[in-house]
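Q: What follows is a single structure, and I will ask about it in a moment.
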Amino acid sequence: MATTRGEARADTARPADIRLPGIVLGVGMGGFVDGILLHQLLQWHHMLSSTNQDRIGVKYYNPHTVSGLEMNTLWDGAFHTVCWLSVLLGLALLYSRVTHDRLRVWTSRVLWGWMLVGWGLFNLVEGVVDHHVLGIHHVHAGEGQVWWDIGFLVLGALLVAGGHLLQLSGRAFAPGASADRRAGRPG
């Protein structure tokens with residue numbers, strides 16, 4: 001049976017890639033883990049809690065005073081807003097690329113692997129920029145802070161490597177194809 005040009009293209013088209021949505025989701029989720037765990041629950045640091053030793057001259061807001069904590073909390077909120085927008089963008093990208101079997105994508109090693117890569121990239125970029133280059137805060141300020149900051153970077157590298165391996169071990173699928181078409185059945 002002859003196929004039209006449009007049908008032939010549909011059968012040979014590459015599946016939509018979920019790498020970018022996974023990485024963007026991972027960046028947002030990694031930021032939330034940092035903000036919720038380190039900023040709020042453990043209260044080890046806030047966005048501007050080390051500006052008394054920073055490298056760019058940001059005004060110091062002592063997080064142990066009410067006014068300083070208010071300013072640090074405001075900047076923590078700005079940070080969480082960026083995390084939230086990253087998650088929304090990642091979900092929008094994922095939703096636009098996965099048109100069938102959306103439930104199946106959430107059990108995919110490929111998606112979770114890319115999300116771990118995104119989380120690791122968040123740690124690496126945030127760790128290098130905020131902890132080392134700008135010095136506006138540290139994972140756990142005080143004696144030994146450099147080791148906490150290095151540990152944060154090592155965790156980021158492990159997340160990138162582990163996420164990459166996880167997504168490689170996942171089963172490839174065409175997120176835009178229906179289950180019937182993947183099984184070789186028309187429809």
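Every chain in the structure tokens has a letter given in the order shown (A, B, ...), and although residue numbers restart at 1 in each chain, ligands are simply numbered from 1 in the order shown.
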Counting only C-alpha atoms, give me one row per residue of region 34-108 of chain A with an atom at most 12 Å from an atom of region 132-138 of chain A, showing the shortest contact pair and its distance in Å to one decimal, sorted by chain then residue number, as CSV.
A:
residue,atom,partner,partner_atom,distance
A:Asp34,CA,A:His138,CA,11.6
A:Leu38,CA,A:His138,CA,10.1
A:His39,CA,A:His137,CA,10.6
A:Gln43,CA,A:His138,CA,11.6
A:Trp44,CA,A:His138,CA,8.3
A:His45,CA,A:His137,CA,6.5
A:His46,CA,A:His137,CA,6.9
A:Met47,CA,A:His137,CA,6.2
A:Leu48,CA,A:Ile136,CA,5.3
A:Ser49,CA,A:His137,CA,5.4
A:Ser50,CA,A:His137,CA,4.4
A:Thr51,CA,A:Ile136,CA,4.8
A:Asn52,CA,A:Ile136,CA,8.1
A:Gln53,CA,A:Gly135,CA,6.8
A:Asp54,CA,A:Gly135,CA,4.4
A:Arg55,CA,A:Leu134,CA,5.2
A:Ile56,CA,A:Leu134,CA,6.1
A:Gly57,CA,A:Leu134,CA,9.2
A:Val58,CA,A:Ile136,CA,7.8
A:Lys59,CA,A:Ile136,CA,10.0
A:Tyr60,CA,A:Ile136,CA,9.2
A:Tyr61,CA,A:Ile136,CA,10.7
A:Asn62,CA,A:His137,CA,11.7
A:Pro63,CA,A:His137,CA,11.2
A:Asn72,CA,A:His137,CA,10.7
A:Trp75,CA,A:Ile136,CA,11.6
A:Asp76,CA,A:His137,CA,11.6
Q: Can I get the selected residues back with C-alpha atoms, as a short mmCIF file (atom, residue, chain, number, x, y, z; two decimals), in the first residue's frame?
A:
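Full text of result_5.cif as output:
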data_model
loop_
_atom_site.label_atom_id
_atom_site.label_comp_id
_atom_site.auth_asym_id
_atom_site.auth_seq_id
_atom_site.Cartn_x
_atom_site.Cartn_y
_atom_site.Cartn_z
CA ASP A 34 18.35 23.30 48.83
CA LEU A 38 19.25 24.05 54.03
CA HIS A 39 17.51 27.45 54.23
CA GLN A 43 18.63 27.02 58.81
CA TRP A 44 22.28 26.60 57.83
CA HIS A 45 22.22 29.54 55.45
CA HIS A 46 20.06 32.02 53.58
CA MET A 47 20.68 33.71 50.25
CA LEU A 48 22.69 36.58 51.76
CA SER A 49 23.88 35.08 55.04
CA SER A 50 27.62 35.35 54.27
CA THR A 51 27.69 38.76 52.59
CA ASN A 52 29.90 40.02 55.42
CA GLN A 53 32.63 37.97 53.68
CA ASP A 54 31.42 38.06 50.07
CA ARG A 55 33.52 38.99 47.05
CA ILE A 56 31.16 41.51 45.44
CA GLY A 57 30.28 44.00 48.18
CA VAL A 58 26.65 43.12 48.89
CA LYS A 59 25.40 44.75 52.08
CA TYR A 60 25.48 42.33 55.03
CA TYR A 61 22.15 41.34 56.53
CA ASN A 62 22.86 39.44 59.73
CA PRO A 63 20.43 36.52 59.75
CA ASN A 72 17.41 37.10 53.94
CA TRP A 75 15.82 36.84 49.02
CA ASP A 76 15.07 33.21 49.92
#
Q: I want to know what sits within 12 Å of Leu85 (chain A), based on only C-alpha atoms, with residues of the same chain fewer than 6 positions away left out; could you give that as a list in words?
A: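 Answer for this query is Val24, Leu25, Val27, Gly28, Met29, Gly31, Phe32, Ala78, Phe79, Leu91 and Ala92 of chain A.
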Q: I need the residues of region 23-119 of chain A that end up classed as helix (DSSP H, G or I) by DSSP on the backbone, written out as an MDAnalysis selection string.
A: chainID A and resid 23:41 66:97 102:105 109:119
Q: Tell me, in Å to one decimal, how far CA of Leu124 (chain A) is from CA of Val98 (chain A).
A: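 So the answer is 28.6 Å.
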Q: At a cut-off of 10 Å, using only C-alpha atoms, what residues contact Val160 (chain A)? Leave out same-chain residues fewer than 2 positions from it and give the result as a PyMOL selection string.
A: chain A and resi 113-124+154-158+162-166
Q: How many Å lie between CA of Asp149 (chain A) and CA of Gly127 (chain A), rounded to one decimal?
A: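 Taking CA of Asp149 (chain A) as the start and CA of Gly127 (chain A) as the end point, the length is 6.7 Å.
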Q: Could you work out how far CA of Ile18 (chain A) lies from CA of Leu111 (chain A), giving the answer in Å with one decimal?
A: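 Going from CA of Leu111 (chain A) over to CA of Ile18 (chain A), I get 6.5 Å.
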